[in-house]
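**Student:** Hey, dropping input.txt in here, compact mmCIF, C-alpha atoms:
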# COMPACT_ATOMS: atom_id res chain seq x y z
CA MET X 152 -66.80 50.66 -76.55
CA PRO X 153 -70.54 51.35 -76.63
CA ARG X 154 -70.93 48.68 -79.32
CA VAL X 155 -69.23 46.12 -77.05
CA VAL X 156 -71.49 47.06 -74.13
CA LEU X 157 -74.58 46.76 -76.34
CA LEU X 158 -73.50 43.28 -77.53
CA ILE X 159 -72.92 42.09 -73.97
CA LEU X 160 -76.34 43.35 -72.87
CA THR X 161 -78.00 41.58 -75.80
CA ILE X 162 -76.34 38.27 -74.95
CA LEU X 163 -77.31 38.60 -71.29
CA SER X 164 -80.95 39.20 -72.27
CA LEU X 165 -81.05 36.00 -74.32
CA ILE X 166 -79.74 33.74 -71.52
CA PRO X 167 -83.05 33.59 -69.54
CA ARG X 168 -85.00 32.74 -72.70
CA VAL X 169 -82.64 29.90 -73.60
CA ALA X 170 -82.80 28.56 -70.04
CA ALA X 171 -86.58 28.68 -70.04
CA ALA X 172 -86.67 26.85 -73.35
CA GLN X 173 -84.31 24.22 -72.02
CA GLN X 174 -86.52 23.74 -68.94
CA GLN X 175 -89.61 23.20 -71.15
CA GLU X 176 -87.94 20.48 -73.22
CA PRO X 177 -88.83 16.95 -71.93
CA GLN X 178 -85.95 15.39 -70.13
CA THR X 179 -87.00 11.75 -70.65
CA ARG X 180 -89.00 9.68 -73.15
CA GLU X 181 -91.73 9.15 -70.54
CA GLU X 182 -92.19 12.91 -70.18
CA ALA X 183 -92.27 13.31 -73.95
CA ASP X 184 -94.95 10.61 -74.26
CA ARG X 185 -96.98 12.21 -71.50
CA GLU X 186 -96.83 15.63 -73.16
CA ARG X 187 -97.88 14.10 -76.48
CA ARG X 188 -100.86 12.38 -74.87
CA GLU X 189 -101.90 15.60 -73.15
CA GLN X 190 -101.76 17.47 -76.46
CA GLN X 191 -103.84 14.76 -78.15
CA ALA X 192 -106.38 14.79 -75.31
CA GLN X 193 -106.90 18.52 -75.76
CA GLY X 194 -108.04 17.90 -79.32
CA VAL X 195 -110.47 15.07 -78.48
CA THR X 196 -114.19 15.87 -78.40
CA THR X 197 -116.77 14.01 -76.28
CA TYR X 198 -118.54 11.21 -78.20
CA LYS X 199 -122.24 11.86 -78.74
CA PRO X 200 -124.42 8.76 -79.38
CA ASN X 201 -126.82 8.83 -82.30
CA GLY X 202 -130.59 8.50 -82.03
CA LEU X 203 -130.66 4.71 -82.26
CA GLU X 204 -128.01 4.32 -79.56
CA ARG X 205 -129.89 6.73 -77.28
CA ALA X 206 -133.10 4.72 -77.78
CA LEU X 207 -131.30 1.43 -76.97
CA ASP X 208 -129.71 2.95 -73.89
CA PHE X 209 -133.11 4.17 -72.69
CA ALA X 210 -134.66 0.73 -73.21
CA GLU X 211 -131.85 -0.97 -71.30
CA ASP X 212 -131.49 1.53 -68.46
CA LYS X 213 -135.02 2.87 -68.03
CA ALA X 214 -137.76 0.85 -69.77
CA ILE X 215 -136.66 -2.55 -68.45
CA PHE X 216 -136.48 -1.09 -64.95
CA ILE X 217 -140.03 0.23 -65.25
CA LEU X 218 -141.35 -3.22 -66.28
CA ASP X 219 -139.32 -4.98 -63.59
CA ARG X 220 -139.97 -2.64 -60.69
CA GLU X 221 -141.32 -3.44 -57.25
CA GLY X 222 -144.93 -2.72 -56.28
CA PHE X 223 -147.45 -1.71 -58.92
CA HIS X 224 -146.15 -1.55 -62.48
CA PRO X 225 -147.51 -1.57 -66.05
CA LYS X 226 -147.97 -4.91 -67.78
CA LEU X 227 -147.12 -4.44 -71.45
CA GLY X 228 -146.38 -6.76 -74.35
CA SER X 229 -148.20 -9.74 -75.85
CA LEU X 230 -150.24 -12.50 -74.22
CA THR X 231 -149.75 -15.09 -76.97
CA THR X 232 -148.95 -15.27 -80.68
CA GLY X 233 -151.56 -13.27 -82.57
CA SER X 234 -153.11 -11.61 -79.52
CA GLY X 235 -151.99 -8.14 -80.51
CA PHE X 236 -150.51 -5.59 -78.12
CA ALA X 237 -151.61 -6.16 -74.53
CA TYR X 238 -151.64 -3.76 -71.60
CA GLY X 239 -152.59 -4.07 -67.96
CA ILE X 240 -151.30 -3.71 -64.43
CA GLY X 241 -149.22 -5.90 -62.16
CA PHE X 242 -147.95 -6.02 -58.62
CA ARG X 243 -144.63 -7.50 -57.54
CA ASP X 244 -143.15 -8.01 -54.07
CA ARG X 245 -139.71 -9.58 -53.63
CA ASP X 246 -139.50 -9.02 -49.88
CA LEU X 247 -141.64 -11.93 -48.72
CA PHE X 248 -140.31 -13.99 -45.82
CA SER X 249 -137.07 -12.05 -45.37
CA ASN X 250 -136.45 -11.66 -49.12
CA LYS X 251 -136.77 -15.40 -49.76
CA GLY X 252 -140.01 -15.29 -51.75
CA VAL X 253 -141.56 -13.37 -54.64
CA LEU X 254 -145.24 -12.58 -55.22
CA ASP X 255 -146.20 -11.60 -58.78
CA ILE X 256 -149.81 -10.76 -59.74
CA TRP X 257 -150.97 -9.25 -63.02
CA VAL X 258 -153.99 -8.81 -65.28
CA ALA X 259 -153.91 -7.65 -68.90
CA GLY X 260 -156.06 -7.40 -72.01
CA SER X 261 -155.16 -6.92 -75.66
CA VAL X 262 -156.48 -4.89 -78.54
CA LYS X 263 -158.04 -8.11 -79.96
CA ARG X 264 -160.00 -8.75 -76.74
CA TYR X 265 -157.62 -11.39 -75.42
CA TRP X 266 -157.15 -11.23 -71.70
CA ALA X 267 -155.35 -13.12 -68.94
CA THR X 268 -154.61 -12.92 -65.25
CA GLU X 269 -152.09 -14.77 -63.12
CA ALA X 270 -150.85 -14.99 -59.54
CA ARG X 271 -147.53 -16.69 -58.80
CA PHE X 272 -145.51 -17.38 -55.64
CA THR X 273 -141.85 -18.21 -56.16
CA PHE X 274 -139.19 -19.23 -53.65
CA PRO X 275 -136.15 -19.55 -55.92
CA ARG X 276 -133.28 -20.14 -53.49
CA LEU X 277 -134.35 -21.87 -50.31
CA ALA X 278 -132.14 -24.20 -48.22
CA ASN X 279 -128.96 -22.32 -48.97
CA ASN X 280 -129.72 -22.07 -52.70
CA HIS X 281 -130.48 -25.80 -53.09
CA LEU X 282 -134.31 -25.74 -53.24
CA HIS X 283 -136.73 -24.06 -55.65
CA LEU X 284 -140.50 -23.93 -54.95
CA GLU X 285 -143.20 -22.32 -57.06
CA ALA X 286 -147.03 -22.20 -57.15
CA TRP X 287 -149.42 -20.47 -59.54
CA GLY X 288 -152.97 -20.00 -60.70
CA SER X 289 -154.13 -18.32 -63.89
CA ARG X 290 -156.95 -17.86 -66.38
CA ARG X 291 -156.31 -17.19 -70.06
CA ASP X 292 -159.12 -16.28 -72.45
CA TYR X 293 -158.16 -16.31 -76.15
CA PRO X 294 -161.28 -15.57 -78.26
CA GLN X 295 -160.01 -15.82 -81.86
CA GLU X 296 -157.27 -18.42 -82.24
CA ASN X 297 -156.41 -19.37 -85.83
CA PHE X 298 -156.71 -22.90 -87.18
CA PHE X 299 -155.67 -24.06 -90.67
CA GLY X 300 -155.85 -27.83 -90.28
CA LEU X 301 -153.39 -30.45 -89.06
CA GLY X 302 -150.02 -31.40 -90.49
CA PRO X 303 -148.16 -30.38 -93.64
CA ASP X 304 -151.32 -30.58 -95.77
CA SER X 305 -152.91 -27.59 -94.04
CA HIS X 306 -153.70 -24.69 -96.35
CA ARG X 307 -153.94 -20.94 -95.80
CA ASP X 308 -157.30 -20.80 -97.57
CA ASP X 309 -158.79 -23.04 -94.85
CA ARG X 310 -158.26 -20.45 -92.15
CA SER X 311 -160.85 -20.66 -89.40
CA ASP X 312 -160.95 -19.68 -85.75
CA TYR X 313 -162.05 -20.86 -82.33
CA ALA X 314 -162.10 -19.54 -78.78
CA ILE X 315 -160.38 -21.20 -75.83
CA ARG X 316 -160.41 -20.36 -72.14
CA THR X 317 -158.06 -22.28 -69.85
CA ASP X 318 -157.70 -22.29 -66.08
CA HIS X 319 -154.32 -23.40 -64.68
CA PHE X 320 -153.46 -24.35 -61.10
CA GLY X 321 -150.14 -25.91 -60.29
CA GLY X 322 -146.84 -26.07 -58.51
CA ARG X 323 -143.22 -26.94 -59.13
CA ALA X 324 -140.39 -28.15 -56.93
CA GLY X 325 -136.75 -28.37 -57.91
CA VAL X 326 -133.45 -29.33 -56.32
CA ARG X 327 -130.18 -27.62 -57.20
CA PRO X 328 -127.44 -30.18 -56.45
CA VAL X 329 -124.75 -27.96 -57.97
CA GLU X 330 -124.65 -24.36 -59.13
CA HIS X 331 -126.44 -23.71 -62.46
CA LEU X 332 -128.28 -27.10 -62.45
CA LEU X 333 -131.94 -27.48 -61.41
CA VAL X 334 -133.77 -30.83 -61.47
CA GLY X 335 -137.37 -31.29 -60.42
CA GLY X 336 -141.01 -31.95 -61.15
CA THR X 337 -144.29 -30.17 -61.86
CA MET X 338 -147.93 -30.94 -61.15
CA GLU X 339 -150.61 -28.82 -62.81
CA TYR X 340 -154.38 -29.02 -63.24
CA LEU X 341 -155.74 -27.64 -66.53
CA LYS X 342 -159.35 -26.93 -67.44
CA PRO X 343 -159.61 -25.93 -71.13
CA ARG X 344 -162.98 -24.93 -72.57
CA LEU X 345 -163.53 -24.31 -76.30
CA GLY X 346 -166.14 -22.21 -78.06
CA ALA X 347 -166.96 -20.38 -81.27
CA GLY X 348 -164.35 -17.95 -82.53
CA GLN X 349 -165.12 -14.24 -82.33
CA ASN X 350 -163.36 -13.08 -85.51
CA ASP X 351 -166.20 -12.34 -87.93
CA ARG X 352 -163.87 -12.41 -90.94
CA TYR X 353 -163.31 -16.17 -90.66
CA PRO X 354 -165.69 -19.11 -90.14
CA ASP X 355 -165.65 -21.28 -87.02
CA VAL X 356 -163.58 -24.45 -87.12
CA PRO X 357 -166.58 -26.87 -87.39
CA VAL X 358 -167.78 -25.01 -90.50
CA ILE X 359 -164.59 -25.88 -92.41
CA PHE X 360 -163.50 -29.14 -90.75
CA PRO X 361 -165.57 -32.14 -89.59
CA PRO X 362 -165.08 -33.01 -85.90
CA SER X 363 -163.26 -36.21 -86.87
CA ASP X 364 -160.45 -34.07 -88.40
CA VAL X 365 -160.08 -31.88 -85.30
CA PRO X 366 -159.52 -34.10 -82.23
CA GLY X 367 -160.82 -32.44 -79.08
CA ILE X 368 -162.96 -29.77 -80.74
CA ASP X 369 -166.02 -30.97 -78.79
CA SER X 370 -164.10 -32.00 -75.66
CA ARG X 371 -164.80 -30.71 -72.18
CA SER X 372 -162.03 -32.73 -70.56
CA ASP X 373 -159.97 -31.64 -67.57
CA PHE X 374 -156.29 -32.63 -67.48
CA MET X 375 -153.72 -33.39 -64.83
CA ARG X 376 -150.23 -32.69 -66.09
CA THR X 377 -147.27 -34.25 -64.30
CA ALA X 378 -143.80 -33.41 -65.53
CA ALA X 379 -140.10 -33.87 -64.89
CA PHE X 380 -137.54 -31.32 -65.99
CA VAL X 381 -133.82 -30.57 -66.14
CA GLU X 382 -132.66 -26.97 -66.37
CA VAL X 383 -129.16 -25.56 -66.83
CA ASP X 384 -128.85 -21.81 -66.32
CA TYR X 385 -125.52 -19.99 -66.40
CA ARG X 386 -126.67 -16.68 -67.80
CA GLU X 387 -124.88 -13.56 -66.58
CA PRO X 388 -126.87 -11.65 -65.43
CA ILE X 389 -130.54 -12.66 -65.53
CA TYR X 390 -131.06 -10.19 -68.42
CA ALA X 391 -128.40 -12.21 -70.15
CA LYS X 392 -125.35 -10.59 -71.66
CA LYS X 393 -123.56 -13.92 -71.98
CA GLY X 394 -123.98 -17.57 -71.04
CA GLY X 395 -126.80 -20.02 -71.76
CA TRP X 396 -130.13 -21.42 -70.59
CA TYR X 397 -131.15 -24.99 -71.47
CA ARG X 398 -134.34 -26.79 -70.42
CA PHE X 399 -135.74 -30.25 -71.17
CA ASP X 400 -139.23 -31.39 -70.07
CA PHE X 401 -141.15 -34.63 -70.13
CA SER X 402 -144.90 -34.13 -69.51
CA HIS X 403 -147.74 -36.61 -69.07
CA TYR X 404 -151.23 -35.20 -69.74
CA ASP X 405 -153.90 -37.35 -68.11
CA ASP X 406 -157.48 -36.87 -69.32
CA ARG X 407 -159.43 -36.94 -66.05
CA THR X 408 -162.90 -36.63 -67.63
CA THR X 409 -163.33 -38.81 -70.73
CA ASP X 410 -160.12 -40.88 -70.78
CA GLN X 411 -159.76 -40.20 -74.52
CA PHE X 412 -157.00 -37.61 -74.74
CA THR X 413 -154.15 -38.88 -72.56
CA PHE X 414 -150.72 -38.33 -74.11
CA ASN X 415 -147.02 -37.64 -73.44
CA ARG X 416 -145.06 -34.64 -74.62
CA TYR X 417 -141.32 -33.91 -74.83
CA ASP X 418 -140.00 -30.34 -75.03
CA GLY X 419 -136.50 -28.94 -75.40
CA ASP X 420 -135.50 -25.27 -75.31
CA VAL X 421 -131.89 -24.11 -75.81
CA ARG X 422 -130.86 -20.44 -75.63
CA GLN X 423 -127.33 -19.07 -75.97
CA PHE X 424 -126.16 -15.48 -75.52
CA PHE X 425 -123.03 -13.83 -76.90
CA GLY X 426 -122.09 -10.38 -75.62
CA PHE X 427 -119.91 -7.90 -77.50
CA LEU X 428 -118.93 -4.23 -77.27
CA ALA X 429 -118.08 -4.71 -73.58
CA GLY X 430 -121.46 -6.34 -72.95
CA ARG X 431 -123.51 -3.40 -74.24
CA ARG X 432 -124.92 -5.48 -77.10
CA VAL X 433 -125.94 -9.14 -77.20
CA ILE X 434 -126.61 -11.73 -79.90
CA ALA X 435 -129.16 -14.32 -78.72
CA LEU X 436 -129.74 -17.68 -80.41
CA ARG X 437 -132.62 -20.06 -79.65
CA LEU X 438 -133.52 -23.60 -80.69
CA ALA X 439 -136.80 -25.21 -79.58
CA ALA X 440 -138.18 -28.67 -80.32
CA SER X 441 -141.32 -30.54 -79.26
CA THR X 442 -142.76 -33.97 -79.96
CA SER X 443 -145.49 -36.16 -78.50
CA ASP X 444 -146.92 -39.67 -78.49
CA THR X 445 -150.13 -41.37 -77.45
CA GLU X 446 -151.08 -44.87 -76.39
CA ALA X 447 -153.51 -47.08 -78.32
CA GLY X 448 -157.04 -45.69 -78.25
CA GLN X 449 -155.89 -42.20 -77.16
CA THR X 450 -155.70 -38.98 -79.18
CA MET X 451 -153.85 -35.73 -78.63
CA PRO X 452 -156.19 -32.69 -78.60
CA PHE X 453 -155.41 -30.26 -81.39
CA PHE X 454 -155.15 -27.28 -79.02
CA PHE X 455 -152.22 -28.93 -77.18
CA MET X 456 -150.32 -29.68 -80.37
CA PRO X 457 -147.22 -27.56 -81.10
CA THR X 458 -147.73 -25.00 -83.85
CA LEU X 459 -145.42 -23.63 -86.51
CA GLY X 460 -145.72 -19.92 -87.25
Could you write out this file's structure as structure tokens?
**Tutor:**
Amino acid sequence: MPRVVLLILTILSLIPRVAAAQQQEPQTREEADRERREQQAQGVTTYKPNGLERALDFAEDKAIFILDREGFHPKLGSLTTGSGFAYGIGFRDRDLFSNKGVLDIWVAGSVKRYWATEARFTFPRLANNHLHLEAWGSRRDYPQENFFGLGPDSHRDDRSDYAIRTDHFGGRAGVRPVEHLLVGGTMEYLKPRLGAGQNDRYPDVPVIFPPSDVPGIDSRSDFMRTAAFVEVDYREPIYAKKGGWYRFDFSHYDDRTTDQFTFNRYDGDVRQFFGFLAGRRVIALRLAASTSDTEAGQTMPFFFMPTLG
């Protein structure tokens, strides 16, 4: 009899454990899947970006903001090809006329003694986003521009230099008949002045080339540039992660001083952006082309010619 009582007590003690085990078993496939996901999640560790990814994230989230901020901000980068690193200060105000206009002023100099300053007013979306107006004035002083000669026969051993200072004053007006399309015109007054280059390692242009081989080297002409343009912009967002930006310009440069250097110029610039990794990285492609022509008796100044390199 005691053995029977002991067996009964043992069976009774196992019943709660079996019931608890049955309650813990998933009743449906959905519950089983949920439990499996929870178990997998417990074993997952937080992803830690490497040094390169942290640097890219800082540039995208912090550095660009610093350069694009309101009020006073540093002006960093390059003024033109070969100018070296440039640094300066700028001021930006996007709140003009009830947030309809932008004022942007900056001045900067480079390690190679290049310097430039510019003031620009922009009203990008007037008349219910159908009108674009812009006006600017600037001075750019480039003291040691390289010159190797004209055309495919130019040679690296003929490297020389010259200085050029140019004042620009102009304005632009455009109409946006439909979203992403801007059509308009530009009028700009240019006052280029050339001088001896300031790089002591290379001779001045007239030492290597006769003036007849360098059209405009002795010119003191002022120019009026009138232009027409078509621009298609469907980038998303302005620091593009996808979309494209296409621009085509026709410009007429009128020599207002000597009537020797009047010419036409045609420029095309196509940029396409492809985003990947949920827009965190972008591949950008660009194609640019430029050509020009002159009438009989006119010559294009060498400093307005497109350069390769």
**Student:** Skip X:Asp244 itself and residues of its chain fewer than 6 positions away, then list as JSON, numbers by chain all residues within 7 Å of it, counting all atoms listed in the file.
**Tutor:** {"X": [221, 222, 253, 254, 255]}
**Student:** For X:Gly241, which residue among X:Arg416, X:His224, X:Arg344, X:His281 is the nearest when counting all atoms listed in the file?
**Tutor:**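 Smallest separation from X:Gly241 among the options: X:His224.
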**Student:** What does the structure give for the distance between atom CA of X:Phe242 and atom CA of X:Ala391, in Å to one decimal?
**Tutor:**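 Answer for the atom CA of X:Phe242 to atom CA of X:Ala391 separation: 23.5 Å.
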**Student:** Quick one: everything within 10 Å of X:Tyr238, counting all atoms listed in the file, minus sequence neighbours fewer than 3 positions away in the same chain. Send it as a PyMOL selection string.
**Tutor:** chain X and resi 225-230+235+241+258-262+266
**Student:** May I ask for the distance between atom CA of X:Tyr293 and atom CA of X:Pro357, given in Å to one decimal place?
**Tutor:** 17.6 Å
**Student:** Rank X:Pro328, X:Gly336, X:Gly300, X:Gly394 by their smallest atom-to-atom distance to X:Val356, using only C-alpha atoms, and report the top residue only.
**Tutor:**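 Of X:Pro328, X:Gly336, X:Gly300, X:Gly394, the one nearest X:Val356, counting only C-alpha atoms, is X:Gly300.
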**Student:** Suppose you want the space between atom CA of X:Asn297 and atom CA of X:Tyr313; what is it in Å?
**Tutor:**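 Between these atoms lies a distance of 6.8 Å.
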**Student:** Listed atoms of stretch 366-372 of chain X, axis-aligned box, 5 Å per side: centre and edge lengths to one decimal in Å, as lines of an AutoDock Vina configuration file?
**Tutor:**
center_x = -162.8
center_y = -31.9
center_z = -76.4
size_x = 16.5
size_y = 14.3
size_z = 21.7
**Student:** Which one of X:Gly321, X:Pro294, X:Pro275, X:Pro303 sits closest to X:Asp351 if you count only C-alpha atoms?
**Tutor:** X:Pro294
**Student:** Hey, which of X:Thr179, X:Arg243, X:Met375, X:Lys392 ends up closest to X:Phe427? Count only C-alpha atoms.
**Tutor:** X:Lys392
**Student:** Quick one: everything within 12 Å of X:Asp292, counting all atoms listed in the file, minus sequence neighbours fewer than 2 positions away in the same chain. Send it as a ChimeraX atom specification.
**Tutor:** /X:230-231,234,258-261,263-269,289-290,294-296,313-319,342-346,348-349
**Student:** Output C-alpha atoms for every residue in that selection, as a JSON list (two decimals), keeping the file's coordinate frame.
**Tutor:**
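Generated output (result-v3.json):
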[["chain", "number", "residue", "atom", "x", "y", "z"],
["X", 230, "LEU", "CA", -150.24, -12.50, -74.22],
["X", 231, "THR", "CA", -149.75, -15.09, -76.97],
["X", 234, "SER", "CA", -153.11, -11.61, -79.52],
["X", 258, "VAL", "CA", -153.99, -8.81, -65.28],
["X", 259, "ALA", "CA", -153.91, -7.65, -68.90],
["X", 260, "GLY", "CA", -156.06, -7.40, -72.01],
["X", 261, "SER", "CA", -155.16, -6.92, -75.66],
["X", 263, "LYS", "CA", -158.04, -8.11, -79.96],
["X", 264, "ARG", "CA", -160.00, -8.75, -76.74],
["X", 265, "TYR", "CA", -157.62, -11.39, -75.42],
["X", 266, "TRP", "CA", -157.15, -11.23, -71.70],
["X", 267, "ALA", "CA", -155.35, -13.12, -68.94],
["X", 268, "THR", "CA", -154.61, -12.92, -65.25],
["X", 269, "GLU", "CA", -152.09, -14.77, -63.12],
["X", 289, "SER", "CA", -154.13, -18.32, -63.89],
["X", 290, "ARG", "CA", -156.95, -17.86, -66.38],
["X", 294, "PRO", "CA", -161.28, -15.57, -78.26],
["X", 295, "GLN", "CA", -160.01, -15.82, -81.86],
["X", 296, "GLU", "CA", -157.27, -18.42, -82.24],
["X", 313, "TYR", "CA", -162.05, -20.86, -82.33],
["X", 314, "ALA", "CA", -162.10, -19.54, -78.78],
["X", 315, "ILE", "CA", -160.38, -21.20, -75.83],
["X", 316, "ARG", "CA", -160.41, -20.36, -72.14],
["X", 317, "THR", "CA", -158.06, -22.28, -69.85],
["X", 318, "ASP", "CA", -157.70, -22.29, -66.08],
["X", 319, "HIS", "CA", -154.32, -23.40, -64.68],
["X", 342, "LYS", "CA", -159.35, -26.93, -67.44],
["X", 343, "PRO", "CA", -159.61, -25.93, -71.13],
["X", 344, "ARG", "CA", -162.98, -24.93, -72.57],
["X", 345, "LEU", "CA", -163.53, -24.31, -76.30],
["X", 346, "GLY", "CA", -166.14, -22.21, -78.06],
["X", 348, "GLY", "CA", -164.35, -17.95, -82.53],
["X", 349, "GLN", "CA", -165.12, -14.24, -82.33]]
**Student:** Using only C-alpha atoms, can you tell me which of X:Arg376, X:Arg431, X:Arg327, X:Arg187 comes closest to X:Glu339?
**Tutor:**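 Closest candidate: X:Arg376.
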**Student:** Write out as a PDB file with C-alpha atoms, in the frame of the given file the residues lying within 12 Å of X:Val358, counting all atoms listed in the file and excluding same-chain residues fewer than 2 positions away.
**Tutor:**
ATOM      1  CA  PHE X 298    -156.710 -22.900 -87.180  1.00  0.00           C
ATOM      2  CA  ASP X 309    -158.790 -23.040 -94.850  1.00  0.00           C
ATOM      3  CA  ARG X 310    -158.260 -20.450 -92.150  1.00  0.00           C
ATOM      4  CA  SER X 311    -160.850 -20.660 -89.400  1.00  0.00           C
ATOM      5  CA  ASP X 312    -160.950 -19.680 -85.750  1.00  0.00           C
ATOM      6  CA  TYR X 313    -162.050 -20.860 -82.330  1.00  0.00           C
ATOM      7  CA  ALA X 347    -166.960 -20.380 -81.270  1.00  0.00           C
ATOM      8  CA  GLY X 348    -164.350 -17.950 -82.530  1.00  0.00           C
ATOM      9  CA  TYR X 353    -163.310 -16.170 -90.660  1.00  0.00           C
ATOM     10  CA  PRO X 354    -165.690 -19.110 -90.140  1.00  0.00           C
ATOM     11  CA  ASP X 355    -165.650 -21.280 -87.020  1.00  0.00           C
ATOM     12  CA  VAL X 356    -163.580 -24.450 -87.120  1.00  0.00           C
ATOM     13  CA  PHE X 360    -163.500 -29.140 -90.750  1.00  0.00           C
ATOM     14  CA  PRO X 361    -165.570 -32.140 -89.590  1.00  0.00           C
ATOM     15  CA  PRO X 362    -165.080 -33.010 -85.900  1.00  0.00           C
ATOM     16  CA  ASP X 364    -160.450 -34.070 -88.400  1.00  0.00           C
ATOM     17  CA  VAL X 365    -160.080 -31.880 -85.300  1.00  0.00           C
ATOM     18  CA  ILE X 368    -162.960 -29.770 -80.740  1.00  0.00           C
TER      19      ILE X 368
END
**Student:** Looking at X:Tyr340, X:Phe274, X:Ser372, X:Arg307, which one is nearest to X:Val326, with distances taken over all atoms listed in the file?
**Tutor:**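 Ranked by minimum distance to X:Val326, first place goes to X:Phe274.
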**Student:** If we count only C-alpha atoms and set the cut-off at 7 Å, which residues sit around stretch 450-453 of chain X, ignoring sequence neighbours fewer than 4 positions away in its own chain? Please answer as a PDB file with C-alpha atoms, keeping the file's coordinate frame.
**Tutor:**
ATOM      1  CA  VAL X 365    -160.080 -31.880 -85.300  1.00  0.00           C
ATOM      2  CA  PRO X 366    -159.520 -34.100 -82.230  1.00  0.00           C
ATOM      3  CA  GLY X 367    -160.820 -32.440 -79.080  1.00  0.00           C
ATOM      4  CA  GLN X 411    -159.760 -40.200 -74.520  1.00  0.00           C
ATOM      5  CA  PHE X 412    -157.000 -37.610 -74.740  1.00  0.00           C
ATOM      6  CA  THR X 413    -154.150 -38.880 -72.560  1.00  0.00           C
ATOM      7  CA  PHE X 414    -150.720 -38.330 -74.110  1.00  0.00           C
ATOM      8  CA  THR X 445    -150.130 -41.370 -77.450  1.00  0.00           C
TER       9      THR X 445
END
**Student:** If you take only C-alpha atoms and a cut-off of 10 Å, which residues of stretch 354-414 of chain X touch stretch 436-440 of chain X, and what are their nearest atom pairs and distances in Å to one decimal, in chain and number order, as a tab-separated table?
**Tutor:**
residue	atom	partner	partner_atom	distance
X:Gly395	CA	X:Leu436	CA	9.4
X:Trp396	CA	X:Arg437	CA	9.5
X:Tyr397	CA	X:Leu438	CA	9.6
X:Arg398	CA	X:Ala439	CA	9.6
X:Phe399	CA	X:Ala440	CA	9.6
**Student:** Name the residues, using the chain letters and numbers of the file, that sit within 6 Å of (-147.2, -33.1, -64.3) when counting all atoms listed in the file, and give them as a PDB file with C-alpha atoms, keeping the file's coordinate frame.
**Tutor:**
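The resulting file, selection_21.pdb, is reproduced below:
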ATOM      1  CA  THR X 337    -144.290 -30.170 -61.860  1.00  0.00           C
ATOM      2  CA  MET X 338    -147.930 -30.940 -61.150  1.00  0.00           C
ATOM      3  CA  GLU X 339    -150.610 -28.820 -62.810  1.00  0.00           C
ATOM      4  CA  ARG X 376    -150.230 -32.690 -66.090  1.00  0.00           C
ATOM      5  CA  THR X 377    -147.270 -34.250 -64.300  1.00  0.00           C
ATOM      6  CA  ALA X 378    -143.800 -33.410 -65.530  1.00  0.00           C
ATOM      7  CA  SER X 402    -144.900 -34.130 -69.510  1.00  0.00           C
ATOM      8  CA  HIS X 403    -147.740 -36.610 -69.070  1.00  0.00           C
TER       9      HIS X 403
END
**Student:** How about completing stretch 383-391 of chain X with N, CA, C and O atoms and giving it to me as a CSV table (one decimal), in the frame of the given file?
**Tutor:**
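Written output follows (selection38.csv):
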chain,number,residue,atom,x,y,z
X,383,VAL,N,-130.5,-26.1,-67.0
X,383,VAL,CA,-129.2,-25.6,-66.8
X,383,VAL,C,-129.2,-24.1,-67.1
X,383,VAL,O,-129.6,-23.7,-68.2
X,384,ASP,N,-128.8,-23.3,-66.2
X,384,ASP,CA,-128.8,-21.8,-66.3
X,384,ASP,C,-127.5,-21.2,-65.8
X,384,ASP,O,-127.3,-21.1,-64.7
X,385,TYR,N,-126.7,-20.7,-66.8
X,385,TYR,CA,-125.5,-20.0,-66.4
X,385,TYR,C,-125.4,-18.6,-67.1
X,385,TYR,O,-124.4,-18.1,-67.5
X,386,ARG,N,-126.6,-18.0,-67.2
X,386,ARG,CA,-126.7,-16.7,-67.8
X,386,ARG,C,-126.1,-15.7,-66.8
X,386,ARG,O,-126.2,-15.8,-65.6
X,387,GLU,N,-125.5,-14.6,-67.4
X,387,GLU,CA,-124.9,-13.6,-66.6
X,387,GLU,C,-125.2,-12.2,-67.2
X,387,GLU,O,-124.7,-11.9,-68.3
X,388,PRO,N,-126.0,-11.4,-66.6
X,388,PRO,CA,-126.9,-11.6,-65.4
X,388,PRO,C,-128.2,-12.3,-65.9
X,388,PRO,O,-128.2,-12.9,-67.0
X,389,ILE,N,-129.3,-12.0,-65.1
X,389,ILE,CA,-130.5,-12.7,-65.5
X,389,ILE,C,-131.0,-12.1,-66.8
X,389,ILE,O,-131.6,-12.8,-67.7
X,390,TYR,N,-130.8,-10.7,-67.1
X,390,TYR,CA,-131.1,-10.2,-68.4
X,390,TYR,C,-129.8,-10.4,-69.2
X,390,TYR,O,-128.8,-9.6,-69.2
X,391,ALA,N,-129.7,-11.6,-69.8
X,391,ALA,CA,-128.4,-12.2,-70.2
X,391,ALA,C,-127.6,-11.4,-71.1
X,391,ALA,O,-128.1,-10.9,-72.1
